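Shown next: model-v3.cif, given as mmCIF, C-alpha atoms.
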data_entry
loop_
_atom_site.label_atom_id
_atom_site.label_comp_id
_atom_site.auth_asym_id
_atom_site.auth_seq_id
_atom_site.Cartn_x
_atom_site.Cartn_y
_atom_site.Cartn_z
CA MET S 1350 115.88 -74.98 -44.23
CA ASN S 1351 117.97 -77.83 -45.57
CA SER S 1352 119.85 -78.12 -48.81
CA ILE S 1353 118.29 -80.40 -51.39
CA ASN S 1354 120.72 -82.59 -53.33
CA LEU S 1355 119.36 -83.54 -56.74
CA LYS S 1356 121.52 -86.65 -57.15
CA GLU S 1357 120.40 -88.01 -53.77
CA LYS S 1358 116.78 -87.33 -54.61
CA PHE S 1359 116.99 -89.03 -58.00
CA ASN S 1360 118.54 -92.08 -56.30
CA VAL S 1361 115.27 -92.55 -54.42
CA ILE S 1362 113.26 -92.85 -57.63
CA THR S 1363 112.84 -96.38 -58.94
CA ARG S 1364 110.03 -96.01 -61.49
CA TYR S 1365 109.61 -94.04 -64.69
CA TRP S 1366 106.87 -91.39 -65.02
CA ASP S 1367 106.46 -91.26 -61.25
CA PRO S 1368 107.14 -87.64 -60.24
CA LYS S 1369 108.18 -86.75 -56.70
CA ILE S 1370 107.96 -83.41 -54.90
CA ILE S 1371 111.29 -82.11 -53.63
CA GLY S 1372 110.32 -78.55 -52.78
CA GLU S 1373 107.45 -76.12 -52.38
CA LEU S 1374 107.41 -72.35 -52.68
CA ASN S 1375 104.91 -69.63 -53.54
CA GLY S 1376 102.16 -72.11 -54.33
CA GLN S 1377 104.43 -74.01 -56.72
CA TYR S 1378 106.06 -77.42 -56.49
CA VAL S 1379 109.54 -78.40 -57.55
CA LYS S 1380 109.27 -81.97 -58.80
CA ILE S 1381 111.68 -84.46 -60.27
CA ALA S 1382 111.09 -87.57 -62.34
CA LYS S 1383 112.89 -90.22 -64.31
CA LEU S 1384 111.40 -90.64 -67.76
CA LYS S 1385 111.88 -93.28 -70.43
CA GLY S 1386 109.72 -93.93 -73.45
CA GLU S 1387 106.65 -91.99 -74.51
CA PHE S 1388 104.17 -90.31 -72.19
CA VAL S 1389 100.71 -89.27 -73.43
CA TRP S 1390 99.51 -86.21 -75.29
CA HIS S 1391 97.91 -83.81 -72.81
CA HIS S 1392 97.67 -80.18 -71.82
CA HIS S 1393 97.15 -78.20 -68.64
CA ASP S 1394 94.27 -75.73 -68.75
CA GLU S 1395 95.60 -73.34 -66.12
CA GLU S 1396 99.26 -74.18 -65.57
CA ASP S 1397 102.48 -73.35 -67.36
CA GLU S 1398 105.04 -76.09 -66.89
CA LEU S 1399 108.83 -75.94 -66.82
CA PHE S 1400 110.98 -78.94 -67.74
CA MET S 1401 114.73 -78.89 -67.07
CA VAL S 1402 116.97 -81.78 -68.06
CA ILE S 1403 119.39 -82.69 -65.27
CA ARG S 1404 120.84 -85.79 -66.96
CA GLY S 1405 120.21 -87.28 -70.39
CA SER S 1406 118.12 -85.83 -73.17
CA LEU S 1407 114.42 -85.32 -73.68
CA VAL S 1408 112.17 -84.42 -76.57
CA ILE S 1409 108.94 -82.63 -75.81
CA LYS S 1410 106.61 -82.94 -78.75
CA THR S 1411 104.04 -80.17 -78.92
CA GLU S 1412 101.22 -79.20 -81.22
CA HIS S 1413 103.60 -76.54 -82.57
CA GLY S 1414 106.55 -78.87 -83.14
CA GLY S 1415 109.14 -80.60 -80.97
CA VAL S 1416 111.74 -79.22 -78.60
CA LYS S 1417 114.86 -81.25 -77.85
CA LEU S 1418 116.50 -80.68 -74.49
CA GLU S 1419 119.97 -81.76 -73.47
CA GLU S 1420 121.51 -81.57 -70.01
CA GLY S 1421 121.39 -77.99 -68.74
CA GLU S 1422 118.51 -77.02 -70.99
CA MET S 1423 114.92 -76.19 -70.13
CA VAL S 1424 111.66 -75.26 -71.78
CA ILE S 1425 108.46 -73.67 -70.56
CA ILE S 1426 105.28 -75.19 -71.99
CA PRO S 1427 102.52 -72.56 -71.74
CA ARG S 1428 99.11 -73.51 -70.42
CA GLY S 1429 96.80 -74.90 -73.06
CA VAL S 1430 99.53 -76.28 -75.32
CA GLU S 1431 99.21 -79.98 -76.15
CA HIS S 1432 102.47 -81.76 -75.42
CA MET S 1433 104.03 -85.18 -74.92
CA PRO S 1434 107.45 -85.87 -73.39
CA VAL S 1435 109.45 -88.58 -75.16
CA ALA S 1436 112.72 -90.02 -73.88
CA GLU S 1437 114.62 -92.53 -76.01
CA GLN S 1438 116.89 -93.28 -73.07
CA GLU S 1439 116.40 -92.68 -69.36
CA VAL S 1440 116.38 -88.99 -68.54
CA GLU S 1441 116.31 -87.15 -65.22
CA VAL S 1442 114.06 -84.12 -65.29
CA LEU S 1443 113.22 -81.30 -62.90
CA MET S 1444 109.82 -79.65 -63.17
CA PHE S 1445 108.44 -76.45 -61.74
CA GLU S 1446 104.68 -76.01 -61.76
CA PRO S 1447 101.70 -74.89 -59.64
CA LYS S 1448 100.78 -77.20 -56.75
CA GLY S 1449 97.52 -78.27 -58.35
CA THR S 1450 99.15 -79.57 -61.56
CA ILE S 1451 98.22 -83.13 -62.52
CA ASN S 1452 100.81 -85.02 -64.57
CA THR S 1453 98.38 -85.90 -67.36
CA GLY S 1454 96.67 -82.49 -67.31
CA SER S 1455 93.11 -82.56 -68.55
CA LEU S 1456 93.44 -86.23 -69.49
CA GLU S 1457 92.59 -88.96 -66.99
CA ASN S 1458 94.07 -92.38 -67.65
CA GLU S 1459 96.18 -95.12 -66.10
CA LYS S 1460 99.22 -92.82 -66.03
CA THR S 1461 97.43 -90.18 -63.96
CA ILE S 1462 98.92 -89.65 -60.49
CA HIS S 1463 96.78 -87.63 -58.09
CA GLN S 1464 98.84 -88.06 -54.94
CA VAL S 1465 102.43 -87.10 -55.59
CA GLU S 1466 104.82 -88.19 -52.86
CA LYS S 1467 107.25 -85.80 -51.20
CA ILE S 1468 110.77 -87.13 -50.92
CA MET X 679 108.49 -72.23 -77.24
CA ASN X 680 112.26 -72.40 -77.46
CA SER X 681 114.71 -74.36 -75.38
CA ILE X 682 116.73 -72.31 -72.92
CA ASN X 683 120.38 -73.27 -72.61
CA LEU X 684 121.82 -72.35 -69.23
CA LYS X 685 125.45 -72.23 -70.36
CA GLU X 686 124.60 -69.85 -73.21
CA LYS X 687 122.60 -67.63 -70.88
CA PHE X 688 125.39 -67.48 -68.27
CA ASN X 689 127.82 -66.48 -71.04
CA VAL X 690 125.82 -63.28 -71.51
CA ILE X 691 126.34 -62.21 -67.90
CA THR X 692 129.38 -60.04 -67.29
CA ARG X 693 128.73 -58.61 -63.81
CA TYR X 694 128.27 -60.14 -60.37
CA TRP X 695 125.01 -59.66 -58.44
CA ASP X 696 123.20 -58.67 -61.63
CA PRO X 697 120.33 -61.16 -62.06
CA LYS X 698 118.76 -61.76 -65.45
CA ILE X 699 115.36 -63.22 -66.29
CA ILE X 700 115.50 -66.32 -68.50
CA GLY X 701 111.91 -67.53 -68.14
CA GLU X 702 108.46 -66.69 -66.85
CA LEU X 703 105.63 -68.98 -65.79
CA ASN X 704 102.63 -68.85 -63.47
CA GLY X 705 103.54 -65.41 -62.16
CA GLN X 706 107.07 -66.54 -61.33
CA TYR X 707 110.42 -65.71 -62.88
CA VAL X 708 113.32 -68.01 -63.55
CA LYS X 709 116.43 -65.91 -63.03
CA ILE X 710 120.14 -66.59 -63.20
CA ALA X 711 123.07 -64.69 -61.74
CA LYS X 712 126.79 -64.88 -61.25
CA LEU X 713 127.74 -64.19 -57.66
CA LYS X 714 131.08 -63.52 -56.00
CA GLY X 715 131.73 -62.09 -52.57
CA GLU X 716 129.13 -61.10 -49.98
CA PHE X 717 125.69 -59.72 -50.74
CA VAL X 718 123.67 -57.93 -48.05
CA TRP X 719 121.45 -59.23 -45.26
CA HIS X 720 117.83 -58.92 -46.34
CA HIS X 721 114.51 -60.72 -46.40
CA HIS X 722 111.46 -60.85 -48.63
CA ASP X 723 108.17 -60.12 -46.89
CA GLU X 724 105.94 -62.05 -49.30
CA GLU X 725 108.18 -64.25 -51.40
CA ASP X 726 109.83 -67.61 -50.91
CA GLU X 727 113.04 -67.87 -52.92
CA LEU X 728 114.76 -70.88 -54.44
CA PHE X 729 118.51 -70.92 -55.11
CA MET X 730 120.05 -73.71 -57.17
CA VAL X 731 123.78 -73.90 -57.80
CA ILE X 732 124.58 -74.65 -61.43
CA ARG X 733 128.38 -74.25 -61.13
CA GLY X 734 130.59 -73.54 -58.13
CA SER X 735 129.54 -73.39 -54.51
CA LEU X 736 127.50 -70.95 -52.46
CA VAL X 737 126.85 -70.34 -48.81
CA ILE X 738 123.56 -68.76 -47.83
CA LYS X 739 123.82 -67.38 -44.33
CA THR X 740 120.47 -67.10 -42.58
CA GLU X 741 119.24 -66.00 -39.21
CA HIS X 742 118.90 -69.71 -38.41
CA GLY X 743 122.38 -70.72 -39.55
CA GLY X 744 124.15 -71.21 -42.87
CA VAL X 745 123.43 -73.56 -45.76
CA LYS X 746 126.25 -74.61 -48.09
CA LEU X 747 125.27 -75.52 -51.63
CA GLU X 748 127.43 -77.34 -54.15
CA GLU X 749 126.67 -77.94 -57.81
CA GLY X 750 123.32 -79.71 -58.16
CA GLU X 751 122.04 -78.56 -54.80
CA MET X 752 119.29 -76.11 -53.96
CA VAL X 753 117.61 -74.49 -50.99
CA ILE X 754 114.32 -72.70 -50.49
CA ILE X 755 114.49 -69.63 -48.26
CA PRO X 756 110.99 -69.02 -46.85
CA ARG X 757 109.52 -65.55 -46.87
CA GLY X 758 110.51 -63.46 -43.88
CA VAL X 759 113.82 -65.21 -43.22
CA GLU X 760 116.84 -62.91 -43.11
CA HIS X 761 119.53 -64.23 -45.41
CA MET X 762 122.75 -63.27 -47.18
CA PRO X 763 124.37 -65.17 -50.06
CA VAL X 764 128.15 -65.46 -49.84
CA ALA X 765 130.37 -66.86 -52.58
CA GLU X 766 134.10 -67.26 -51.94
CA GLN X 767 134.62 -67.94 -55.64
CA GLU X 768 132.45 -67.16 -58.63
CA VAL X 769 129.26 -69.20 -58.60
CA GLU X 770 126.48 -69.57 -61.15
CA VAL X 771 123.05 -69.66 -59.58
CA LEU X 772 119.50 -70.23 -60.80
CA MET X 773 116.60 -68.70 -58.88
CA PHE X 774 112.83 -69.23 -58.89
CA GLU X 775 110.75 -66.50 -57.32
CA PRO X 776 107.58 -64.46 -57.82
CA LYS X 777 107.75 -61.78 -60.50
CA GLY X 778 107.62 -58.94 -58.00
CA THR X 779 110.68 -60.08 -56.05
CA ILE X 780 113.36 -57.41 -55.54
CA ASN X 781 116.91 -58.71 -55.12
CA THR X 782 117.51 -56.90 -51.84
CA GLY X 783 114.02 -57.60 -50.51
CA SER X 784 112.81 -55.07 -47.99
CA LEU X 785 116.17 -53.31 -48.04
CA GLU X 786 116.88 -50.50 -50.50
CA ASN X 787 120.51 -49.74 -51.20
CA GLU X 788 123.05 -49.39 -54.00
CA LYS X 789 122.74 -53.11 -54.79
CA THR X 790 118.99 -52.89 -55.39
CA ILE X 791 117.94 -53.63 -58.97
CA HIS X 792 114.36 -52.71 -59.85
CA GLN X 793 114.48 -53.38 -63.58
CA VAL X 794 115.75 -56.87 -64.22
CA GLU X 795 116.70 -57.50 -67.84
CA LYS X 796 115.39 -60.46 -69.80
CA ILE X 797 118.04 -62.35 -71.72
#
Would you mind writing the structure in this file as structure tokens?
Amino acid sequence: MNSINLKEKFNVITRYWDPKIIGELNGQYVKIAKLKGEFVWHHHDEEDELFMVIRGSLVIKTEHGGVKLEEGEMVIIPRGVEHMPVAEQEVEVLMFEPKGTINTGSLENEKTIHQVEKI
Amino acid sequence: MNSINLKEKFNVITRYWDPKIIGELNGQYVKIAKLKGEFVWHHHDEEDELFMVIRGSLVIKTEHGGVKLEEGEMVIIPRGVEHMPVAEQEVEVLMFEPKGTINTGSLENEKTIHQVEKI
């Protein structure tokens, strides 16, 4: 039962769009990632997804419009909603989602990561 | 699908040990609370519980020893583990836990809150 230091964990991450697992509870993962640029439009059939900005700012475009998040802000994207994270500058993000969640949701492409590393 | 600003949400809270729900996803709640002083020893039979310090510092005493959390640090207390949060000074904390989680776990006393308000 150790404390988890976000800054130390982010220091381990060297690539964008490469989420890492930093915690697990109640069938959910706590993940972090560094993002920069545009991701891909996708949705998750069965999973709601929380994004919290730890450093920087992030826009999450959705089929219903965009949400801009600054440091200390979060949003919950409900299952089924098409969305695409966009970061003009590097942003550090924490995510909370069910263990089975795939980063590109129902879409399978070169950005899809099936085996997410624990750090 | 609105952004949730932690600072604004904490500004609504006027009492210690009075958690508020700020988000819901996948059968879990995101809660925040201001803590100061000692809580009570308790455990949760079926729920793992995440504590993240947003501002200040927090000690979580457990049956296996204590964990000290500073800003930007978190810990996951597994189900069944006796624990007691202790805050020397006011601390702002974010929690992730299943919807059914009661703040005092298996213990029922004057600190127990059954109806947690959404803010």
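All of the residues in chain S within 6 Å of chain X are Ser1352, Ile1353, Asn1354, Leu1355, Leu1374, Asn1375, Asp1397, Gly1421, Glu1422, Met1423 and Val1424 of chain S, where all atoms listed in the file were counted.
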Check your understanding: Written as a ChimeraX atom specification, what is the full residue list that the PyMOL selection byres ((chain X and resi 795) around 8) yields on the file shown?
Key -> /X:697-699,793-794,796-797
How would chain X read as a PDB file with C-alpha atoms, in the frame of the given file after a least-squares superposition onto chain S over every Cα atom, matched in order?
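File written: result15.pdb
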ATOM      1  CA  MET X 679     115.888 -74.955 -44.239  1.00  0.00           C
ATOM      2  CA  ASN X 680     117.970 -77.811 -45.578  1.00  0.00           C
ATOM      3  CA  SER X 681     119.866 -78.100 -48.818  1.00  0.00           C
ATOM      4  CA  ILE X 682     118.300 -80.386 -51.398  1.00  0.00           C
ATOM      5  CA  ASN X 683     120.721 -82.567 -53.326  1.00  0.00           C
ATOM      6  CA  LEU X 684     119.375 -83.537 -56.731  1.00  0.00           C
ATOM      7  CA  LYS X 685     121.526 -86.646 -57.142  1.00  0.00           C
ATOM      8  CA  GLU X 686     120.404 -88.005 -53.765  1.00  0.00           C
ATOM      9  CA  LYS X 687     116.771 -87.313 -54.592  1.00  0.00           C
ATOM     10  CA  PHE X 688     116.994 -89.022 -58.005  1.00  0.00           C
ATOM     11  CA  ASN X 689     118.526 -92.070 -56.291  1.00  0.00           C
ATOM     12  CA  VAL X 690     115.253 -92.542 -54.414  1.00  0.00           C
ATOM     13  CA  ILE X 691     113.244 -92.844 -57.626  1.00  0.00           C
ATOM     14  CA  THR X 692     112.827 -96.371 -58.934  1.00  0.00           C
ATOM     15  CA  ARG X 693     110.013 -96.012 -61.490  1.00  0.00           C
ATOM     16  CA  TYR X 694     109.597 -94.030 -64.697  1.00  0.00           C
ATOM     17  CA  TRP X 695     106.846 -91.402 -65.025  1.00  0.00           C
ATOM     18  CA  ASP X 696     106.458 -91.254 -61.249  1.00  0.00           C
ATOM     19  CA  PRO X 697     107.135 -87.629 -60.236  1.00  0.00           C
ATOM     20  CA  LYS X 698     108.174 -86.753 -56.704  1.00  0.00           C
ATOM     21  CA  ILE X 699     107.957 -83.421 -54.901  1.00  0.00           C
ATOM     22  CA  ILE X 700     111.302 -82.123 -53.622  1.00  0.00           C
ATOM     23  CA  GLY X 701     110.319 -78.548 -52.763  1.00  0.00           C
ATOM     24  CA  GLU X 702     107.451 -76.121 -52.369  1.00  0.00           C
ATOM     25  CA  LEU X 703     107.400 -72.341 -52.662  1.00  0.00           C
ATOM     26  CA  ASN X 704     104.892 -69.623 -53.514  1.00  0.00           C
ATOM     27  CA  GLY X 705     102.162 -72.123 -54.337  1.00  0.00           C
ATOM     28  CA  GLN X 706     104.448 -74.001 -56.718  1.00  0.00           C
ATOM     29  CA  TYR X 707     106.080 -77.407 -56.496  1.00  0.00           C
ATOM     30  CA  VAL X 708     109.557 -78.406 -57.526  1.00  0.00           C
ATOM     31  CA  LYS X 709     109.264 -81.963 -58.796  1.00  0.00           C
ATOM     32  CA  ILE X 710     111.691 -84.457 -60.262  1.00  0.00           C
ATOM     33  CA  ALA X 711     111.089 -87.561 -62.341  1.00  0.00           C
ATOM     34  CA  LYS X 712     112.878 -90.221 -64.300  1.00  0.00           C
ATOM     35  CA  LEU X 713     111.384 -90.632 -67.744  1.00  0.00           C
ATOM     36  CA  LYS X 714     111.855 -93.274 -70.420  1.00  0.00           C
ATOM     37  CA  GLY X 715     109.704 -93.929 -73.449  1.00  0.00           C
ATOM     38  CA  GLU X 716     106.622 -91.982 -74.524  1.00  0.00           C
ATOM     39  CA  PHE X 717     104.159 -90.308 -72.190  1.00  0.00           C
ATOM     40  CA  VAL X 718     100.705 -89.268 -73.420  1.00  0.00           C
ATOM     41  CA  TRP X 719      99.500 -86.198 -75.298  1.00  0.00           C
ATOM     42  CA  HIS X 720      97.903 -83.809 -72.827  1.00  0.00           C
ATOM     43  CA  HIS X 721      97.677 -80.175 -71.823  1.00  0.00           C
ATOM     44  CA  HIS X 722      97.159 -78.199 -68.642  1.00  0.00           C
ATOM     45  CA  ASP X 723      94.275 -75.736 -68.737  1.00  0.00           C
ATOM     46  CA  GLU X 724      95.625 -73.350 -66.093  1.00  0.00           C
ATOM     47  CA  GLU X 725      99.269 -74.192 -65.562  1.00  0.00           C
ATOM     48  CA  ASP X 726     102.485 -73.349 -67.351  1.00  0.00           C
ATOM     49  CA  GLU X 727     105.073 -76.087 -66.887  1.00  0.00           C
ATOM     50  CA  LEU X 728     108.855 -75.922 -66.834  1.00  0.00           C
ATOM     51  CA  PHE X 729     111.006 -78.933 -67.737  1.00  0.00           C
ATOM     52  CA  MET X 730     114.743 -78.872 -67.085  1.00  0.00           C
ATOM     53  CA  VAL X 731     116.985 -81.770 -68.047  1.00  0.00           C
ATOM     54  CA  ILE X 732     119.406 -82.685 -65.276  1.00  0.00           C
ATOM     55  CA  ARG X 733     120.856 -85.800 -66.975  1.00  0.00           C
ATOM     56  CA  GLY X 734     120.203 -87.317 -70.390  1.00  0.00           C
ATOM     57  CA  SER X 735     118.125 -85.851 -73.176  1.00  0.00           C
ATOM     58  CA  LEU X 736     114.415 -85.318 -73.692  1.00  0.00           C
ATOM     59  CA  VAL X 737     112.168 -84.431 -76.569  1.00  0.00           C
ATOM     60  CA  ILE X 738     108.930 -82.636 -75.809  1.00  0.00           C
ATOM     61  CA  LYS X 739     106.597 -82.945 -78.756  1.00  0.00           C
ATOM     62  CA  THR X 740     104.028 -80.165 -78.928  1.00  0.00           C
ATOM     63  CA  GLU X 741     101.227 -79.182 -81.223  1.00  0.00           C
ATOM     64  CA  HIS X 742     103.607 -76.527 -82.568  1.00  0.00           C
ATOM     65  CA  GLY X 743     106.561 -78.844 -83.144  1.00  0.00           C
ATOM     66  CA  GLY X 744     109.138 -80.601 -80.983  1.00  0.00           C
ATOM     67  CA  VAL X 745     111.749 -79.228 -78.598  1.00  0.00           C
ATOM     68  CA  LYS X 746     114.883 -81.256 -77.855  1.00  0.00           C
ATOM     69  CA  LEU X 747     116.513 -80.680 -74.489  1.00  0.00           C
ATOM     70  CA  GLU X 748     119.991 -81.775 -73.473  1.00  0.00           C
ATOM     71  CA  GLU X 749     121.538 -81.580 -70.023  1.00  0.00           C
ATOM     72  CA  GLY X 750     121.390 -78.000 -68.741  1.00  0.00           C
ATOM     73  CA  GLU X 751     118.529 -77.011 -70.997  1.00  0.00           C
ATOM     74  CA  MET X 752     114.943 -76.184 -70.147  1.00  0.00           C
ATOM     75  CA  VAL X 753     111.677 -75.247 -71.798  1.00  0.00           C
ATOM     76  CA  ILE X 754     108.469 -73.677 -70.565  1.00  0.00           C
ATOM     77  CA  ILE X 755     105.292 -75.193 -71.992  1.00  0.00           C
ATOM     78  CA  PRO X 756     102.529 -72.564 -71.733  1.00  0.00           C
ATOM     79  CA  ARG X 757      99.130 -73.515 -70.413  1.00  0.00           C
ATOM     80  CA  GLY X 758      96.812 -74.920 -73.048  1.00  0.00           C
ATOM     81  CA  VAL X 759      99.537 -76.292 -75.318  1.00  0.00           C
ATOM     82  CA  GLU X 760      99.208 -79.984 -76.144  1.00  0.00           C
ATOM     83  CA  HIS X 761     102.474 -81.743 -75.432  1.00  0.00           C
ATOM     84  CA  MET X 762     104.029 -85.172 -74.934  1.00  0.00           C
ATOM     85  CA  PRO X 763     107.446 -85.876 -73.397  1.00  0.00           C
ATOM     86  CA  VAL X 764     109.450 -88.578 -75.159  1.00  0.00           C
ATOM     87  CA  ALA X 765     112.721 -90.016 -73.883  1.00  0.00           C
ATOM     88  CA  GLU X 766     114.618 -92.527 -76.023  1.00  0.00           C
ATOM     89  CA  GLN X 767     116.875 -93.282 -73.064  1.00  0.00           C
ATOM     90  CA  GLU X 768     116.392 -92.688 -69.366  1.00  0.00           C
ATOM     91  CA  VAL X 769     116.380 -88.992 -68.544  1.00  0.00           C
ATOM     92  CA  GLU X 770     116.309 -87.145 -65.234  1.00  0.00           C
ATOM     93  CA  VAL X 771     114.058 -84.118 -65.290  1.00  0.00           C
ATOM     94  CA  LEU X 772     113.230 -81.283 -62.904  1.00  0.00           C
ATOM     95  CA  MET X 773     109.850 -79.566 -63.149  1.00  0.00           C
ATOM     96  CA  PHE X 774     108.400 -76.336 -61.748  1.00  0.00           C
ATOM     97  CA  GLU X 775     104.637 -76.045 -61.759  1.00  0.00           C
ATOM     98  CA  PRO X 776     101.694 -74.923 -59.629  1.00  0.00           C
ATOM     99  CA  LYS X 777     100.776 -77.214 -56.748  1.00  0.00           C
ATOM    100  CA  GLY X 778      97.521 -78.305 -58.344  1.00  0.00           C
ATOM    101  CA  THR X 779      99.136 -79.584 -61.541  1.00  0.00           C
ATOM    102  CA  ILE X 780      98.194 -83.153 -62.513  1.00  0.00           C
ATOM    103  CA  ASN X 781     100.786 -85.030 -64.571  1.00  0.00           C
ATOM    104  CA  THR X 782      98.376 -85.906 -67.367  1.00  0.00           C
ATOM    105  CA  GLY X 783      96.662 -82.515 -67.311  1.00  0.00           C
ATOM    106  CA  SER X 784      93.105 -82.580 -68.559  1.00  0.00           C
ATOM    107  CA  LEU X 785      93.426 -86.244 -69.489  1.00  0.00           C
ATOM    108  CA  GLU X 786      92.586 -88.986 -66.993  1.00  0.00           C
ATOM    109  CA  ASN X 787      94.072 -92.391 -67.656  1.00  0.00           C
ATOM    110  CA  GLU X 788      96.173 -95.140 -66.093  1.00  0.00           C
ATOM    111  CA  LYS X 789      99.208 -92.830 -66.031  1.00  0.00           C
ATOM    112  CA  THR X 790      97.425 -90.187 -63.956  1.00  0.00           C
ATOM    113  CA  ILE X 791      98.905 -89.668 -60.491  1.00  0.00           C
ATOM    114  CA  HIS X 792      96.776 -87.634 -58.089  1.00  0.00           C
ATOM    115  CA  GLN X 793      98.839 -88.092 -54.941  1.00  0.00           C
ATOM    116  CA  VAL X 794     102.418 -87.110 -55.596  1.00  0.00           C
ATOM    117  CA  GLU X 795     104.818 -88.210 -52.869  1.00  0.00           C
ATOM    118  CA  LYS X 796     107.238 -85.824 -51.206  1.00  0.00           C
ATOM    119  CA  ILE X 797     110.774 -87.132 -50.936  1.00  0.00           C
TER     120      ILE X 797
END
Point to revise | Evaluate the PyMOL selection byres ((chain X and resi 696) around 9) and report residues as a PyMOL selection string | key: chain X and resi 691-695+697-698+710-713+789+791+794
Exercise for review: Would you mind reading off the distance between atom CA of Thr1453 of chain S and atom CA of His1393 of chain S, one decimal, in Å?
Suggested key: 7.9 Å
Practice item. Tell me which residues the PyMOL selection byres ((chain X and resi 736) around 9) grabs here, as a PyMOL selection string. Key: chain X and resi 713-714+731+734-735+737-738+745-749+763-771
Practice item. In Å, rounded to a single decimal, give me how far atom CA of Asn689 of chain X is from atom CA of Lys739 of chain X. Key: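 Atom CA of Asn689 of chain X lies at a distance of 27.0 Å from atom CA of Lys739 of chain X.
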**Study point:** One-decimal distance in Å that lies between atom CA of Ile1451 of chain S and atom CA of Tyr1378 of chain S
**Key:**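 Spanning atom CA of Tyr1378 of chain S to atom CA of Ile1451 of chain S is a straight-line distance of 11.4 Å.
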Quick one: axis-aligned box around all listed atoms of segment 1403-1417 of chain S, 6 Å on every side, centre and edge lengths in Å to one decimal, written as lines of an AutoDock Vina configuration file.
center_x = 111.0
center_y = -81.9
center_z = -74.2
size_x = 31.6
size_y = 22.7
size_z = 29.9
Practice item. Find the spatial neighbours of Leu785 of chain X, counting only C-alpha atoms, within a cut-off of 12 Å - ignore same-chain residues fewer than 3 positions away - and output them as a ChimeraX atom specification. Key: /X:717-723,760-762,779-782,788-792
